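J.: The structure under discussion is supplied below as structure tokens; questions concerning it will follow.
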Amino acid sequence: MQSKQKLNLFSFTMIVVGLVIGMGIFRTAATSAKDAIAPSVYFSAWIIGGIVALCGALTYAEIGSRYPVTGGYYKVFAKAYHPSIAFAINCLILVSNAASLSGVALVGSGYLLKILPGNWNDTDKALLSCIAIIIFYIINLRGLKISSLAQNILMLIKITMILVLIAALFFPQHYAHNDTQQITSASTSAFDWIKSLGISLVAVSFTYGGYQQTINFGNEVHQPAKNIPRGIFFGITIIIVLYLLVNLSYYNLVGFNQMKNEREIAYVVMDKIFGQTGATIFSAFLFLGVLAYVNGLLMSNPRVMFAMGEDGSLPKIFSRQNNKTGVLTFSLTVFAIVCIIILFFSQQFERILTFSIFLDCFGMILSSATIFWFRKKTKHLEDKEIFKMKLFPLAPLIFITAYVFVGISIALDYDKNNYAALIGLSVLSVFIVIYFLLHQKNKIHVQ
């Protein structure tokens, strides 16, 4: 009876695909191409990104299987590290999620303004994104909840749009002229190639994100020792194939050099194949998908802040709830304000992207590293039916090394990335200081 209530192989595979495929592929390909000095760098980044996602998904699935608790990252950090680290990293993840929301809102705004008459700039896109956030903030204040049906429709829209982009490969008459001028090996050093790969991986990492949520399913899969690795392998393989085909479509129809200058790259592909009407319809659906994403994050993240307020990690005001509507008013308001601040602080998708991924580097490295601690402390569980990856310690080491590489790449490219690394380190330091100030205040209050 119990096994029937658990996820089978197909269901878990589809969950992995659904967790990863988002709105990023409609924008990040252009950013990744812009940072790549040659097509070999560009496509290598997308393949490596998929391998890293596979290693990360396996790692987080085992952590979740060994420590199946509600609370996600915060509980894992608090168990394996000092509570101050748990607090600081969890707050970083919240800020990173706010940045992701702002970045995706900018993607949607860019596509919507693309089909509206006028010369729109980055400030206009930020204003439209801000309006979208405020509208859904007000909707959430009224207690309106998005249904699972709406989320299923969103997933269907995303998959359909991806398949339409892939279908463009079957129209070779619309392919761009070969404008790819690769830098010859004589003029490109190995260091330049690797440096370019590191920066190109920033956008790719954002697009492959979401697999870390497998931490929540490690104890919910039927026959986990067999189905978890298979589901993750099949799911990530599907995603890699889809992403590579979409990128090949961009590459063939837009051209590598032109990709570097096109922000709304999917619009260009649709315009070539289906004309302006088709591109307009595509952009409108994409904006709808972005709105659903914005609404989803505005619903979920305040609940994390609510939980932190309840257990005393954040001030109790964060756990306030409207008695009539059940809305987490204070947490929702704070999260929406952070999103808007990030929007107008950065205004450009690339700036928000780099800032978000640098913050993610801390969370990914430290959270995945807990696998070594949990392996040592939970050996007694190995006699039970838990998931234990066969690629240990290779998979977590590949994952950690990849994010160290991306973080260092961002830090070394500090001028171009507007000091994203310095800002990220400052934010982390501030949260650690806040933890100890709150902790000291609580000690004094108790005394």
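Within each chain, counting starts at residue 1; across the structure tokens, chains are named A, B, ... in the order shown, with ligands numbered 1 upward in that order.
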Would you pick out the contacts of Ile386 in chain A at 9 Å or less, using only C-alpha atoms, so that residues sharing its chain but fewer than 2 positions from it are not included, and give the list as a ChimeraX atom specification?
T.: /A:62,65-66,218-219,223-225,381-384,388
J.: Can I get the selection written as an mmCIF file, in the first residue's frame, with N, CA and C atoms?
T.:
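New file out-v8.cif:
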data_model
loop_
_atom_site.group_PDB
_atom_site.id
_atom_site.type_symbol
_atom_site.label_atom_id
_atom_site.label_comp_id
_atom_site.auth_asym_id
_atom_site.auth_seq_id
_atom_site.Cartn_x
_atom_site.Cartn_y
_atom_site.Cartn_z
ATOM 1 N N GLU A 62 20.608 12.097 -2.610
ATOM 2 C CA GLU A 62 21.110 11.265 -1.505
ATOM 3 C C GLU A 62 21.027 12.000 -0.179
ATOM 4 N N SER A 65 17.551 11.698 0.925
ATOM 5 C CA SER A 65 17.241 10.331 1.333
ATOM 6 C C SER A 65 17.799 10.029 2.723
ATOM 7 N N ARG A 66 18.970 10.587 3.020
ATOM 8 C CA ARG A 66 19.600 10.348 4.326
ATOM 9 C C ARG A 66 19.027 11.254 5.421
ATOM 10 N N GLY A 218 13.996 12.502 -1.931
ATOM 11 C CA GLY A 218 14.833 11.334 -1.686
ATOM 12 C C GLY A 218 14.140 10.208 -0.962
ATOM 13 N N ASN A 219 13.085 10.508 -0.188
ATOM 14 C CA ASN A 219 12.385 9.488 0.589
ATOM 15 C C ASN A 219 10.980 9.225 0.054
ATOM 16 N N GLN A 223 11.248 2.225 -4.597
ATOM 17 C CA GLN A 223 12.538 1.576 -4.856
ATOM 18 C C GLN A 223 13.620 2.623 -5.175
ATOM 19 N N PRO A 224 13.938 3.487 -4.206
ATOM 20 C CA PRO A 224 14.836 4.620 -4.451
ATOM 21 C C PRO A 224 16.218 4.227 -4.956
ATOM 22 N N ALA A 225 16.757 3.118 -4.477
ATOM 23 C CA ALA A 225 18.106 2.720 -4.905
ATOM 24 C C ALA A 225 18.170 2.499 -6.408
ATOM 25 N N LEU A 381 21.919 3.971 8.315
ATOM 26 C CA LEU A 381 20.761 3.958 7.432
ATOM 27 C C LEU A 381 20.983 3.110 6.178
ATOM 28 N N GLU A 382 22.223 2.758 5.924
ATOM 29 C CA GLU A 382 22.545 2.060 4.682
ATOM 30 C C GLU A 382 22.003 0.640 4.654
ATOM 31 N N ASP A 383 21.584 0.135 5.806
ATOM 32 C CA ASP A 383 20.945 -1.172 5.846
ATOM 33 C C ASP A 383 19.480 -1.081 5.424
ATOM 34 N N LYS A 384 18.957 0.162 5.408
ATOM 35 C CA LYS A 384 17.568 0.369 5.023
ATOM 36 C C LYS A 384 17.501 0.731 3.534
ATOM 37 N N LYS A 388 21.692 5.556 -2.366
ATOM 38 C CA LYS A 388 23.119 5.759 -2.170
ATOM 39 C C LYS A 388 23.783 5.744 -3.550
#
J.: For Ser109 in chain A, list every protein, DNA or RNA residue within 7 Å, evaluated using only C-alpha atoms, and leave out those in the same chain fewer than 2 positions away; present the list as a VMD selection string.
T.: chain A and resid 105 to 107 111 to 113 125 128 to 129
J.: If you keep N, CA and C atoms, can you produce a file of those selected residues as a CSV table (one decimal), in the first residue's frame?
T.:
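The result, stored in again_19.csv:
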chain,number,residue,atom,x,y,z
A,105,ALA,N,11.5,38.3,-14.8
A,105,ALA,CA,10.5,39.3,-15.2
A,105,ALA,C,11.1,40.2,-16.3
A,106,LEU,N,12.4,40.5,-16.2
A,106,LEU,CA,13.0,41.3,-17.3
A,106,LEU,C,13.0,40.6,-18.6
A,107,VAL,N,13.2,39.3,-18.6
A,107,VAL,CA,13.1,38.5,-19.8
A,107,VAL,C,11.7,38.6,-20.5
A,111,TYR,N,10.5,40.6,-24.1
A,111,TYR,CA,9.7,40.0,-25.2
A,111,TYR,C,8.4,40.7,-25.4
A,112,LEU,N,7.7,41.2,-24.4
A,112,LEU,CA,6.5,41.9,-24.5
A,112,LEU,C,6.7,43.3,-25.2
A,113,LEU,N,7.8,44.0,-24.8
A,113,LEU,CA,8.1,45.3,-25.4
A,113,LEU,C,8.5,45.1,-26.8
A,125,LYS,N,12.0,48.4,-19.4
A,125,LYS,CA,11.8,47.0,-19.1
A,125,LYS,C,11.7,46.8,-17.5
A,128,LEU,N,8.2,47.9,-16.4
A,128,LEU,CA,7.2,47.0,-16.7
A,128,LEU,C,7.3,45.7,-15.8
A,129,SER,N,8.5,45.3,-15.5
A,129,SER,CA,8.7,44.2,-14.6
A,129,SER,C,8.2,44.5,-13.2
J.: Leaving out Ile281 in chain A and any residue of its chain fewer than 5 positions from it, which residues lie within 10 Å of it when counting only C-alpha atoms, given as a VMD selection string?
T.: chain A and resid 115 267 270 276 286
J.: Include N, CA and C atoms and write out the residues we just selected as a PDB file, in the first residue's frame.
T.:
ATOM      1  N   ILE A 115       7.145  43.420 -29.056  1.00  0.00           N
ATOM      2  CA  ILE A 115       5.987  43.409 -29.965  1.00  0.00           C
ATOM      3  C   ILE A 115       5.151  44.677 -29.839  1.00  0.00           C
ATOM      4  N   TYR A 267      12.488  35.312 -30.354  1.00  0.00           N
ATOM      5  CA  TYR A 267      11.636  36.135 -31.216  1.00  0.00           C
ATOM      6  C   TYR A 267      12.191  36.150 -32.636  1.00  0.00           C
ATOM      7  N   MET A 270      11.405  32.828 -34.358  1.00  0.00           N
ATOM      8  CA  MET A 270       9.994  32.740 -34.711  1.00  0.00           C
ATOM      9  C   MET A 270       9.639  33.666 -35.877  1.00  0.00           C
ATOM     10  N   GLN A 276       6.064  37.864 -38.496  1.00  0.00           N
ATOM     11  CA  GLN A 276       5.859  38.726 -37.328  1.00  0.00           C
ATOM     12  C   GLN A 276       4.671  38.287 -36.485  1.00  0.00           C
ATOM     13  N   LEU A 286       4.989  33.612 -24.010  1.00  0.00           N
ATOM     14  CA  LEU A 286       6.165  33.604 -23.147  1.00  0.00           C
ATOM     15  C   LEU A 286       5.980  34.557 -21.963  1.00  0.00           C
TER      16      LEU A 286
END
J.: Interatomic distance between CA of Ile47 in chain A and CA of Ile240 in chain A?
T.: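 CA of Ile240 in chain A lies at a distance of 7.0 Å from CA of Ile47 in chain A.
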J.: With range 315-339 of chain A as the partner and 8 Å as the cut-off, tabulate the residues of range 221-303 of chain A that qualify, each row holding the nearest pair of atoms and their distance in Å to one decimal, using only C-alpha atoms, sorted by chain and rising number, as CSV.
T.:
residue,atom,partner,partner_atom,distance
A:Leu298,CA,A:Leu332,CA,6.9
A:Met299,CA,A:Leu332,CA,7.8
A:Asn301,CA,A:Phe335,CA,7.5
A:Pro302,CA,A:Ser331,CA,4.9
A:Arg303,CA,A:Leu328,CA,7.3
J.: Atoms to include: C-alpha atoms. Write the selected residues as a PDB file, in the first residue's frame.
T.:
ATOM      1  CA  LEU A 298       5.908  35.391  -4.674  1.00  0.00           C
ATOM      2  CA  MET A 299       3.877  32.563  -3.128  1.00  0.00           C
ATOM      3  CA  ASN A 301       9.501  32.410  -0.760  1.00  0.00           C
ATOM      4  CA  PRO A 302       7.496  34.337   1.872  1.00  0.00           C
ATOM      5  CA  ARG A 303       6.622  30.924   3.336  1.00  0.00           C
TER       6      ARG A 303
END
J.: Neighbouring residues of Cys361 in chain A were defined as those with any atom within 12 Å, considering only C-alpha atoms; residues of the same chain fewer than 6 positions away were excluded. Please report them as a ChimeraX atom specification.
T.: /A:89,92-93,96,202,205-206,209,354-355,367-369,399-411,421,424-425,428
J.: Excluding range 5-10 of chain A and residues on its chain fewer than 4 positions from it, collect all residues at most 6 Å away from it, counting only C-alpha atoms, and give them as a PyMOL selection string.
T.: chain A and resi 220-222+227+231
J.: Find the nearest atom pair between each residue of range 343-382 of chain A and range 25-37 of chain A for residues within 10 Å, count only C-alpha atoms, give distances in Å to one decimal, sort rows by chain and ascending number, and present the table as CSV.
T.:
residue,atom,partner,partner_atom,distance
A:Phe349,CA,A:Arg27,CA,9.0
A:Glu350,CA,A:Thr31,CA,7.2
A:Leu353,CA,A:Thr28,CA,9.0
J.: Selected residues, C-alpha atoms, written as a compact mmCIF listing (two decimals), in the first residue's frame, please.
T.:
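Generated file (again_30.txt):
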# COMPACT_ATOMS: atom_id res chain seq x y z
CA PHE A 349 19.36 40.84 -17.03
CA GLU A 350 23.12 40.10 -17.22
CA LEU A 353 22.13 36.92 -13.56
J.: For each of A:Val254, A:Leu94, A:Leu127, A:Met155, take the minimum atom-to-atom distance to Gly22 in chain A, counting only C-alpha atoms, then give the residue where this is smallest.
T.: A:Met155
J.: Name all residues at most 8 Å from Leu244 in chain A (count only C-alpha atoms; drop same-chain ones fewer than 2 positions away) and give them as a ChimeraX atom specification.
T.: /A:43,46-47,240-242,246-248
